[in-house]
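Report on the following structure.
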Amino acid sequence: MKYTRIKGTVDIYGDEMDYWLAIENATRQVANLFGYSEIRTPIIEPTELFVRSVGQETDMVQKEMYTFTDRGGRSITLRPEGTAPVVRAFIENSMINLGFPQRFFYIGPMFRYERPQKGRQRQFHQVGFELLGPSPTADAEIIHIAVRILKEIGLSKFKVVINSIGCDKCRPRYKEALKEYYSHHLDEVCDDCKRRYSTNILRLLDCKVDVEIAKAAPKSVDYFCDECREHYTRLKDLLKLLDIDFEEDHRLVRGLDYYNRTVFEIRHELLGAQDAIAGGGRYDKLVEELGGPHVPALGFAMGMERIILAMKEEGVKPPEALQHQVFIAHVGDVMEPVFRLAEDLRREGITVDVEVMERSLRAQLKHADRIGARIVVIAGENELSRDVVVVRDMESGEQSEVDLGFAVDFIIDKLKKM
RNA sequence: GUGGCCAUAGCUCAGCUGGUAGAGCGCCUGACUGUGGAUCAGGUGGUCGUGGGUUCGAAUCCCACUGGCCACCCCA
């Protein structure tokens with residue numbers, strides 16, 4: 001094979017596309033119901049944008065970015081996530097003048113240079129929502145939307161996990177407590193944890209090896225400042241009001257530096273190692289960090305590939321995006337009336353395939369059957385010389401001769417009854 | 001970046017201890033000269049992932065590379 005896909009990428013087509021459209025349709029529908037407008041930002045951004053926002057020390061920046069130098073000598077990166085570009089666009093276009101709050105959603109490809117596995121590719125796709133606003137009500141709304149979309153798609157076997165990692169004011173105290181605690185267990189934890197003890201102490205909490213040690217570790221809740229405690233408590237109350245089931249997990253910390261206070265994840269029960277189908281949190285300092293005004297905000301992203309895996313695991317079938325309704329088979333020199341009939345039907349919103357291969361009638365019927373056409377119109381010289389066509393119901397096999405002038409009404413009527 | 005398993009027709013796979021490729025499905029044609037789905041018959045289709053090595057001879061053994069899957073790491 002001469003040319004093949006780049007490692008970690010896939011071609012999406014055919015029946016598979018139905019899954020994608022189901023997710024996109026659910027997203028747009030829910031976005032519309034909650035008043036979110038779509039934003040499309042470039043796929044390439046200055047490298048520095050992600051270094052600043054996601055964090056110099058994160059794995060995403062350290063070893064997962066697709067970065068290259070363009071012909072002008074600029075360092076460019078294929079976006080590894082969607083929040084930083086949205087915030088950049090918000091600042092650059094002075095959207096602050098549009099008033100508050102502001103609500104955005106996006107759908108598109110992201111790129112991370114990782115080793116592919118189940119639920120993980122190098123080019124993957126996310127649906128994301130961002131809400132620029134400060135209150136716990138905003139947090140509840142964002143989680144509400146994520147759950148709503150998943151339900152709209154037809155999923156049910158997932159759970160919402162939430163936590164708060166405090167803010168700049170109270171997190172240092174919490175980190176101290178963790179260091180103190182882990183200093184007594186350093187010889188028991190895994191090598192990764194030993195390394196992160198000094199680089200990123202919070203991450204020791206979600207280590208999968210030393211689960212018991214992490215479970216017994218100090219919890220952020222016990223170190224919150226008054227504001228963080230109030231925010232977190234209020235969020236939980238609001239989620240209950242919205243009838244959203246959630247679990248608290250003090251070990252949930254996220255890998256992006258910009259998060260503070262609320263973080264959450266939605267995990268699917270039937271997936272493998274990569275079971276997080278959505279994740280997000282609050283980022284109150286990010287807008288300022290990127291040179292904008294003080295604008296507290298939060299958001300989340302859902303992994304479309306993972307949602308499709310979840311749909312398949314749960315047996316959720318997306319609706320067929322393309323339904324072949326009418327196939328026009330023709331024999332002989334009859335194109336003028338055939339084209340006219342096809343156009344008349346399409347004007348009524350009916351999907352019409354016209355034979356373009358000049359095959360035998362038998363082959364045309366076979367093709368019509370394969371694409372799932374409900375009705376086949378047989379237009380031959382025999383019929384058209386008498387100004388009629390044959391209309392065949394492909395399910396029952398019933399055929400009727402219909403005057404050309406009544407064919408459209410006849411077919412519309414027949415489709416309605418199917 | 002690390003580890004395990006894997007790579008034969010469009011798809012799913014067989015091919016035992018080395019003797020130079022097969023099935024099912026699909027696709028095309030015909031039986032049915034202008035009528036799909038069933039059946040039957042015929043046909044199409046592969047430099048056995050790539051490169052090298054061992055051998056008289058390699059799809060089969062060895063090495064490297066590439067790619068795939070799964071897991072680690074990390075994340076959606």
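Letters A, B, ... go to the chains of the structure tokens in the order shown; residues in each chain start at 1; ligands are counted from 1 in the same order.
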Write out, as JSON lines, each residue of chain B that has an atom at most 10 Å from chain A, together with the closest pair of atoms and their distance in Å to one decimal, counting only C-alpha atoms (C1' of nucleotides), rows going by chain and rising number.
```
{"residue": "B:G1", "atom": "C1'", "partner": "A:Lys63", "partner_atom": "CA", "distance": 8.8}
{"residue": "B:C32", "atom": "C1'", "partner": "A:Arg362", "partner_atom": "CA", "distance": 9.4}
{"residue": "B:G34", "atom": "C1'", "partner": "A:Leu361", "partner_atom": "CA", "distance": 6.0}
{"residue": "B:U35", "atom": "C1'", "partner": "A:Arg362", "partner_atom": "CA", "distance": 5.8}
{"residue": "B:G36", "atom": "C1'", "partner": "A:Lys366", "partner_atom": "CA", "distance": 4.4}
{"residue": "B:G37", "atom": "C1'", "partner": "A:Asp369", "partner_atom": "CA", "distance": 7.2}
{"residue": "B:G49", "atom": "C1'", "partner": "A:Met1", "partner_atom": "CA", "distance": 8.7}
{"residue": "B:G67", "atom": "C1'", "partner": "A:Lys7", "partner_atom": "CA", "distance": 7.6}
{"residue": "B:G68", "atom": "C1'", "partner": "A:Lys7", "partner_atom": "CA", "distance": 9.4}
{"residue": "B:C69", "atom": "C1'", "partner": "A:Gln117", "partner_atom": "CA", "distance": 7.2}
{"residue": "B:C70", "atom": "C1'", "partner": "A:Gln117", "partner_atom": "CA", "distance": 6.8}
{"residue": "B:A71", "atom": "C1'", "partner": "A:Ala273", "partner_atom": "CA", "distance": 8.1}
{"residue": "B:C73", "atom": "C1'", "partner": "A:Asp59", "partner_atom": "CA", "distance": 9.1}
{"residue": "B:C74", "atom": "C1'", "partner": "A:Asp59", "partner_atom": "CA", "distance": 6.7}
{"residue": "B:C75", "atom": "C1'", "partner": "A:Gly255", "partner_atom": "CA", "distance": 7.7}
{"residue": "B:A76", "atom": "C1'", "partner": "A:Gly303", "partner_atom": "CA", "distance": 3.9}
```
Alpha helix (DSSP H) per DSSP on the backbone: members of range 136-220 of chain A, as JSON, numbers by chain:
{"A": [136, 137, 138, 139, 140, 141, 142, 143, 144, 145, 146, 147, 148, 149, 150, 151, 152, 153, 171, 172, 173, 174, 175, 176, 177, 178, 179, 180, 181, 182, 183, 191, 192, 193, 194, 195, 196, 197, 198, 199, 211, 212, 213, 214, 215]}
Any chance you can output those residues with N, CA and C atoms as a short mmCIF file (atom, residue, chain, number, x, y, z; two decimals), in the first residue's frame?
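Just written: result_5.cif:
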```cif
data_model
loop_
_atom_site.label_atom_id
_atom_site.label_comp_id
_atom_site.auth_asym_id
_atom_site.auth_seq_id
_atom_site.Cartn_x
_atom_site.Cartn_y
_atom_site.Cartn_z
N PRO A 136 -21.38 29.12 41.47
CA PRO A 136 -21.61 27.67 41.50
C PRO A 136 -22.76 27.28 40.57
N THR A 137 -23.66 28.21 40.31
CA THR A 137 -24.75 27.94 39.38
C THR A 137 -24.20 27.62 38.01
N ALA A 138 -23.13 28.32 37.65
CA ALA A 138 -22.48 28.06 36.36
C ALA A 138 -21.90 26.65 36.36
N ASP A 139 -21.27 26.26 37.46
CA ASP A 139 -20.70 24.92 37.54
C ASP A 139 -21.78 23.86 37.35
N ALA A 140 -22.90 24.09 38.02
CA ALA A 140 -24.00 23.14 37.93
C ALA A 140 -24.53 23.06 36.51
N GLU A 141 -24.62 24.22 35.87
CA GLU A 141 -25.13 24.24 34.50
C GLU A 141 -24.22 23.43 33.56
N ILE A 142 -22.94 23.62 33.72
CA ILE A 142 -21.98 22.92 32.84
C ILE A 142 -22.08 21.40 33.02
N ILE A 143 -22.16 20.97 34.26
CA ILE A 143 -22.29 19.52 34.51
C ILE A 143 -23.64 19.02 33.99
N HIS A 144 -24.65 19.83 34.20
CA HIS A 144 -25.99 19.52 33.72
C HIS A 144 -25.98 19.28 32.22
N ILE A 145 -25.32 20.16 31.49
CA ILE A 145 -25.26 20.06 30.03
C ILE A 145 -24.56 18.77 29.60
N ALA A 146 -23.45 18.47 30.25
CA ALA A 146 -22.70 17.26 29.89
C ALA A 146 -23.59 16.03 30.05
N VAL A 147 -24.27 15.96 31.17
CA VAL A 147 -25.16 14.82 31.44
C VAL A 147 -26.31 14.78 30.44
N ARG A 148 -26.84 15.95 30.18
CA ARG A 148 -27.97 16.06 29.27
C ARG A 148 -27.63 15.55 27.87
N ILE A 149 -26.46 15.91 27.39
CA ILE A 149 -26.05 15.47 26.05
C ILE A 149 -25.90 13.95 26.02
N LEU A 150 -25.25 13.41 27.03
CA LEU A 150 -25.05 11.96 27.06
C LEU A 150 -26.39 11.23 27.08
N LYS A 151 -27.33 11.77 27.85
CA LYS A 151 -28.65 11.14 27.91
C LYS A 151 -29.37 11.27 26.57
N GLU A 152 -29.24 12.44 25.98
CA GLU A 152 -29.87 12.69 24.68
C GLU A 152 -29.36 11.69 23.64
N ILE A 153 -28.09 11.37 23.73
CA ILE A 153 -27.49 10.41 22.81
C ILE A 153 -28.03 9.01 23.07
N ARG A 171 -5.00 26.06 48.44
CA ARG A 171 -4.32 24.87 47.94
C ARG A 171 -2.90 24.69 48.50
N PRO A 172 -2.11 25.78 48.67
CA PRO A 172 -0.77 25.60 49.23
C PRO A 172 -0.79 24.88 50.58
N ARG A 173 -1.78 25.20 51.40
CA ARG A 173 -1.87 24.55 52.72
C ARG A 173 -2.15 23.06 52.54
N TYR A 174 -3.03 22.78 51.59
CA TYR A 174 -3.39 21.38 51.33
C TYR A 174 -2.18 20.60 50.82
N LYS A 175 -1.43 21.22 49.93
CA LYS A 175 -0.24 20.56 49.39
C LYS A 175 0.76 20.25 50.50
N GLU A 176 0.87 21.19 51.42
CA GLU A 176 1.78 20.97 52.56
C GLU A 176 1.35 19.73 53.34
N ALA A 177 0.04 19.65 53.56
CA ALA A 177 -0.50 18.52 54.32
C ALA A 177 -0.21 17.20 53.59
N LEU A 178 -0.36 17.23 52.26
CA LEU A 178 -0.09 16.03 51.48
C LEU A 178 1.38 15.64 51.57
N LYS A 179 2.24 16.64 51.50
CA LYS A 179 3.68 16.37 51.57
C LYS A 179 4.03 15.74 52.91
N GLU A 180 3.46 16.31 53.93
CA GLU A 180 3.69 15.80 55.27
C GLU A 180 3.24 14.33 55.35
N TYR A 181 2.03 14.07 54.85
CA TYR A 181 1.49 12.72 54.88
C TYR A 181 2.35 11.74 54.09
N TYR A 182 2.67 12.11 52.85
CA TYR A 182 3.41 11.20 51.99
C TYR A 182 4.87 11.03 52.42
N SER A 183 5.38 11.98 53.19
CA SER A 183 6.77 11.85 53.63
C SER A 183 6.94 10.60 54.50
N ASP A 191 7.55 4.21 41.85
CA ASP A 191 8.61 5.11 41.40
C ASP A 191 8.09 6.43 40.85
N ASP A 192 6.98 6.32 40.08
CA ASP A 192 6.39 7.55 39.54
C ASP A 192 6.00 8.50 40.66
N CYS A 193 5.42 7.90 41.70
CA CYS A 193 4.98 8.73 42.81
C CYS A 193 6.17 9.38 43.53
N LYS A 194 7.23 8.63 43.64
CA LYS A 194 8.43 9.20 44.28
C LYS A 194 8.90 10.44 43.53
N ARG A 195 8.86 10.31 42.18
CA ARG A 195 9.30 11.45 41.36
C ARG A 195 8.35 12.63 41.50
N ARG A 196 7.06 12.32 41.48
CA ARG A 196 6.08 13.41 41.53
C ARG A 196 5.95 14.03 42.91
N TYR A 197 6.49 13.38 43.88
CA TYR A 197 6.41 13.91 45.24
C TYR A 197 6.92 15.35 45.25
N SER A 198 7.98 15.59 44.50
CA SER A 198 8.51 16.95 44.47
C SER A 198 7.97 17.78 43.30
N THR A 199 7.59 17.14 42.19
CA THR A 199 7.14 17.93 41.04
C THR A 199 5.65 18.26 41.06
N VAL A 211 -3.27 2.67 45.73
CA VAL A 211 -4.63 3.16 45.98
C VAL A 211 -4.93 3.34 47.47
N GLU A 212 -4.53 2.37 48.25
CA GLU A 212 -4.87 2.43 49.68
C GLU A 212 -4.22 3.62 50.37
N ILE A 213 -2.97 3.88 50.01
CA ILE A 213 -2.27 5.01 50.61
C ILE A 213 -2.96 6.32 50.22
N ALA A 214 -3.38 6.39 48.94
CA ALA A 214 -4.04 7.61 48.47
C ALA A 214 -5.39 7.80 49.14
N LYS A 215 -6.09 6.69 49.34
CA LYS A 215 -7.42 6.79 49.96
C LYS A 215 -7.33 7.38 51.36
#
```
Separating CA of Asp393 in chain A from CA of Tyr19 in chain A, to the nearest tenth of an Å, is a gap of 28.9 Å
Separation of CA of His324 in chain A from CA of Thr351 in chain A, in Å and rounded to one decimal:
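Separation between CA of His324 in chain A and CA of Thr351 in chain A: 5.9 Å.
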Residues near Asp257 in chain A, anyone? I mean within 12 Å using only C-alpha atoms (C1' of nucleotides), not counting same-chain ones fewer than 2 positions away, as a ChimeraX atom specification.
/A:50-61,84,165,167-168,200,202-203,253-255,259-261,263,281-286,289
Store the residues of this selection in a file with N, CA, C and O atoms, as a short mmCIF file (atom, residue, chain, number, x, y, z; two decimals), in the first residue's frame.
```
data_model
loop_
_atom_site.label_atom_id
_atom_site.label_comp_id
_atom_site.auth_asym_id
_atom_site.auth_seq_id
_atom_site.Cartn_x
_atom_site.Cartn_y
_atom_site.Cartn_z
N PHE A 50 -0.43 27.20 24.48
CA PHE A 50 -0.68 25.98 25.26
C PHE A 50 0.33 25.83 26.39
O PHE A 50 0.02 25.31 27.46
N VAL A 51 1.54 26.27 26.15
CA VAL A 51 2.56 26.19 27.20
C VAL A 51 2.09 27.01 28.40
O VAL A 51 2.15 26.58 29.54
N ARG A 52 1.58 28.21 28.11
CA ARG A 52 1.12 29.11 29.16
C ARG A 52 -0.11 28.59 29.90
O ARG A 52 -0.22 28.68 31.11
N SER A 53 -1.06 28.07 29.13
CA SER A 53 -2.34 27.72 29.74
C SER A 53 -2.33 26.32 30.35
O SER A 53 -2.62 26.14 31.53
N VAL A 54 -2.00 25.35 29.55
CA VAL A 54 -2.04 23.96 30.02
C VAL A 54 -0.94 23.72 31.05
O VAL A 54 -1.13 22.96 32.01
N GLY A 55 0.20 24.37 30.84
CA GLY A 55 1.26 24.28 31.84
C GLY A 55 2.53 23.66 31.32
O GLY A 55 2.50 22.56 30.76
N GLN A 56 3.62 24.35 31.50
CA GLN A 56 4.94 23.90 31.04
C GLN A 56 5.28 22.50 31.51
O GLN A 56 5.84 21.70 30.78
N GLU A 57 4.87 22.17 32.73
CA GLU A 57 5.30 20.89 33.31
C GLU A 57 4.38 19.71 33.01
O GLU A 57 4.68 18.59 33.38
N THR A 58 3.24 19.99 32.35
CA THR A 58 2.31 18.88 32.11
C THR A 58 2.81 17.96 31.01
O THR A 58 3.58 18.38 30.14
N ASP A 59 2.35 16.71 31.03
CA ASP A 59 2.72 15.75 30.00
C ASP A 59 2.26 16.22 28.63
O ASP A 59 2.93 16.02 27.63
N MET A 60 1.09 16.85 28.63
CA MET A 60 0.52 17.30 27.37
C MET A 60 1.50 18.22 26.65
O MET A 60 1.72 18.09 25.45
N VAL A 61 2.08 19.14 27.39
CA VAL A 61 3.01 20.09 26.78
C VAL A 61 4.40 19.47 26.62
O VAL A 61 5.04 19.63 25.59
N ALA A 84 -8.04 26.61 25.71
CA ALA A 84 -7.12 27.73 25.52
C ALA A 84 -7.44 28.53 24.24
O ALA A 84 -7.46 29.77 24.28
N ILE A 165 -10.45 21.20 44.00
CA ILE A 165 -9.04 21.20 44.38
C ILE A 165 -8.63 22.53 44.99
O ILE A 165 -7.45 22.87 45.03
N CYS A 167 -8.34 26.72 45.78
CA CYS A 167 -7.85 27.83 44.98
C CYS A 167 -6.44 28.21 45.42
O CYS A 167 -5.87 27.58 46.30
N ASP A 168 -5.91 29.24 44.79
CA ASP A 168 -4.55 29.69 45.13
C ASP A 168 -4.38 29.97 46.61
O ASP A 168 -3.30 29.84 47.16
N ASN A 200 4.81 17.30 41.40
CA ASN A 200 3.37 17.54 41.35
C ASN A 200 2.67 16.66 42.38
O ASN A 200 2.10 15.61 42.06
N LEU A 202 -0.08 16.70 43.95
CA LEU A 202 -1.50 16.36 43.83
C LEU A 202 -1.71 15.06 43.04
O LEU A 202 -2.63 14.30 43.31
N ARG A 203 -0.82 14.82 42.11
CA ARG A 203 -1.00 13.67 41.25
C ARG A 203 -0.79 12.32 41.95
O ARG A 203 -1.19 11.28 41.44
N VAL A 253 -8.03 14.52 40.60
CA VAL A 253 -7.30 15.76 40.29
C VAL A 253 -7.06 15.71 38.80
O VAL A 253 -6.98 14.66 38.21
N ARG A 254 -6.96 16.84 38.16
CA ARG A 254 -6.83 16.81 36.71
C ARG A 254 -5.45 17.27 36.29
O ARG A 254 -4.76 17.97 37.01
N GLY A 255 -5.07 16.86 35.11
CA GLY A 255 -3.70 17.07 34.68
C GLY A 255 -3.38 18.40 34.04
O GLY A 255 -2.26 18.61 33.60
N TYR A 259 -6.76 24.44 36.06
CA TYR A 259 -7.95 24.19 36.87
C TYR A 259 -7.80 24.67 38.31
O TYR A 259 -6.71 24.62 38.89
N ASN A 260 -8.91 25.12 38.87
CA ASN A 260 -8.97 25.38 40.31
C ASN A 260 -10.40 25.09 40.75
O ASN A 260 -11.30 24.92 39.91
N ARG A 261 -10.59 24.99 42.03
CA ARG A 261 -11.91 24.63 42.59
C ARG A 261 -12.52 23.40 41.90
O ARG A 261 -11.93 22.35 41.88
N VAL A 263 -13.54 20.37 39.83
CA VAL A 263 -13.11 19.53 38.72
C VAL A 263 -14.10 18.37 38.66
O VAL A 263 -14.65 17.97 39.68
N GLY A 281 -13.63 21.41 34.32
CA GLY A 281 -13.47 22.07 35.61
C GLY A 281 -13.44 23.57 35.45
O GLY A 281 -13.62 24.11 34.36
N ARG A 282 -13.22 24.18 36.59
CA ARG A 282 -13.23 25.64 36.64
C ARG A 282 -11.82 26.17 36.40
O ARG A 282 -10.84 25.55 36.81
N TYR A 283 -11.75 27.30 35.70
CA TYR A 283 -10.43 27.92 35.45
C TYR A 283 -10.52 29.44 35.65
O TYR A 283 -10.57 30.20 34.72
N ASP A 284 -10.53 29.84 36.89
CA ASP A 284 -10.77 31.25 37.22
C ASP A 284 -9.63 32.19 36.85
O ASP A 284 -9.84 33.38 36.70
N LYS A 285 -8.43 31.66 36.72
CA LYS A 285 -7.29 32.54 36.45
C LYS A 285 -6.81 32.51 35.01
O LYS A 285 -5.92 33.26 34.63
N LEU A 286 -7.37 31.62 34.22
CA LEU A 286 -6.81 31.41 32.88
C LEU A 286 -6.90 32.63 31.98
O LEU A 286 -5.96 32.97 31.27
N GLU A 289 -4.29 34.97 32.93
CA GLU A 289 -2.99 34.37 32.61
C GLU A 289 -2.64 34.58 31.13
O GLU A 289 -1.48 34.75 30.77
#
```
Could you name the residues that touch G51 in chain B at 12 Å or less, counting only C-alpha atoms (C1' of nucleotides), but leaving out those on the same chain fewer than 2 positions away, as a ChimeraX atom specification?
/B:49,53,63-66
Just N, CA and C atoms (P, O5', C5', C4', C3', O3' and C1' of nucleotides) for this one: save the residues we selected as a PDB file, in the first residue's frame.
```pdb
ATOM      1  P     G B  49       2.657 -10.504   5.270  1.00  0.00           P
ATOM      2  O5'   G B  49       2.787  -8.924   5.047  1.00  0.00           O
ATOM      3  C5'   G B  49       1.822  -8.211   4.285  1.00  0.00           C
ATOM      4  C4'   G B  49       2.227  -6.761   4.306  1.00  0.00           C
ATOM      5  C3'   G B  49       3.683  -6.518   3.942  1.00  0.00           C
ATOM      6  O3'   G B  49       3.831  -6.366   2.544  1.00  0.00           O
ATOM      7  C1'   G B  49       3.193  -5.432   5.978  1.00  0.00           C
ATOM      8  P     G B  53      20.296 -10.605   2.153  1.00  0.00           P
ATOM      9  O5'   G B  53      20.391 -11.510   3.457  1.00  0.00           O
ATOM     10  C5'   G B  53      21.430 -11.262   4.410  1.00  0.00           C
ATOM     11  C4'   G B  53      21.213 -12.118   5.633  1.00  0.00           C
ATOM     12  C3'   G B  53      21.189 -13.622   5.384  1.00  0.00           C
ATOM     13  O3'   G B  53      22.500 -14.159   5.295  1.00  0.00           O
ATOM     14  C1'   G B  53      19.419 -13.026   6.823  1.00  0.00           C
ATOM     15  P     C B  63      14.413 -13.084  16.509  1.00  0.00           P
ATOM     16  O5'   C B  63      15.190 -11.930  15.739  1.00  0.00           O
ATOM     17  C5'   C B  63      16.554 -11.653  16.027  1.00  0.00           C
ATOM     18  C4'   C B  63      17.074 -10.566  15.112  1.00  0.00           C
ATOM     19  C3'   C B  63      16.228  -9.305  15.063  1.00  0.00           C
ATOM     20  O3'   C B  63      16.503  -8.444  16.162  1.00  0.00           O
ATOM     21  C1'   C B  63      16.810  -9.948  12.864  1.00  0.00           C
ATOM     22  P     A B  64      15.345  -7.441  16.642  1.00  0.00           P
ATOM     23  O5'   A B  64      15.370  -6.313  15.511  1.00  0.00           O
ATOM     24  C5'   A B  64      16.531  -5.488  15.359  1.00  0.00           C
ATOM     25  C4'   A B  64      16.393  -4.665  14.098  1.00  0.00           C
ATOM     26  C3'   A B  64      15.151  -3.779  14.032  1.00  0.00           C
ATOM     27  O3'   A B  64      15.325  -2.562  14.728  1.00  0.00           O
ATOM     28  C1'   A B  64      15.409  -4.959  11.992  1.00  0.00           C
ATOM     29  P     C B  65      14.051  -1.855  15.369  1.00  0.00           P
ATOM     30  O5'   C B  65      13.265  -1.287  14.102  1.00  0.00           O
ATOM     31  C5'   C B  65      13.858  -0.270  13.284  1.00  0.00           C
ATOM     32  C4'   C B  65      13.086  -0.129  12.005  1.00  0.00           C
ATOM     33  C3'   C B  65      11.617   0.250  12.164  1.00  0.00           C
ATOM     34  O3'   C B  65      11.442   1.642  12.338  1.00  0.00           O
ATOM     35  C1'   C B  65      11.811  -1.521  10.613  1.00  0.00           C
ATOM     36  P     U B  66      10.208   2.177  13.196  1.00  0.00           P
ATOM     37  O5'   U B  66       8.963   1.928  12.229  1.00  0.00           O
ATOM     38  C5'   U B  66       8.863   2.644  10.997  1.00  0.00           C
ATOM     39  C4'   U B  66       7.698   2.098  10.193  1.00  0.00           C
ATOM     40  C3'   U B  66       6.374   2.052  10.931  1.00  0.00           C
ATOM     41  O3'   U B  66       5.709   3.306  10.935  1.00  0.00           O
ATOM     42  C1'   U B  66       6.717   0.002   9.827  1.00  0.00           C
TER      43        U B  66
END
```
Rank nothing, just name the residue among A:Ile308, A:Ile76, A:Ile244, A:Ile91 nearest to Ala22 in chain A, using only C-alpha atoms.
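Of A:Ile308, A:Ile76, A:Ile244, A:Ile91, the one nearest Ala22 in chain A, counting only C-alpha atoms, is A:Ile308.
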What residues in range 207-369 of chain A get the DSSP label strand (DSSP E)? Please answer as an NGL selection string.
:A and (246-248 or 260-268 or 276-282 or 298-303 or 326-331 or 352-354)
Quick one: pull the distance between CA of Val390 in chain A and CA of Val402 in chain A, Å, one decimal.
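Separation between CA of Val390 in chain A and CA of Val402 in chain A: 6.2 Å.
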Please identify all polymer residues within 10 Å of A59 in chain B, counting only C-alpha atoms (C1' of nucleotides), omitting same-chain residues fewer than 3 positions from it, and present them as a PDB file with C-alpha atoms (C1' of nucleotides), in the first residue's frame.
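Result file follows (result.pdb):
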```pdb
ATOM      1  C1'   U B   8      -1.969 -13.935   4.421  1.00  0.00           C
ATOM      2  C1'   G B  15      -2.193 -22.764   5.863  1.00  0.00           C
ATOM      3  C1'   U B  20       6.690 -21.184  -3.829  1.00  0.00           C
ATOM      4  C1'   A B  21      -1.703 -19.810  -1.262  1.00  0.00           C
ATOM      5  C1'   C B  48       1.656 -13.591   2.107  1.00  0.00           C
TER       6        C B  48
END
```
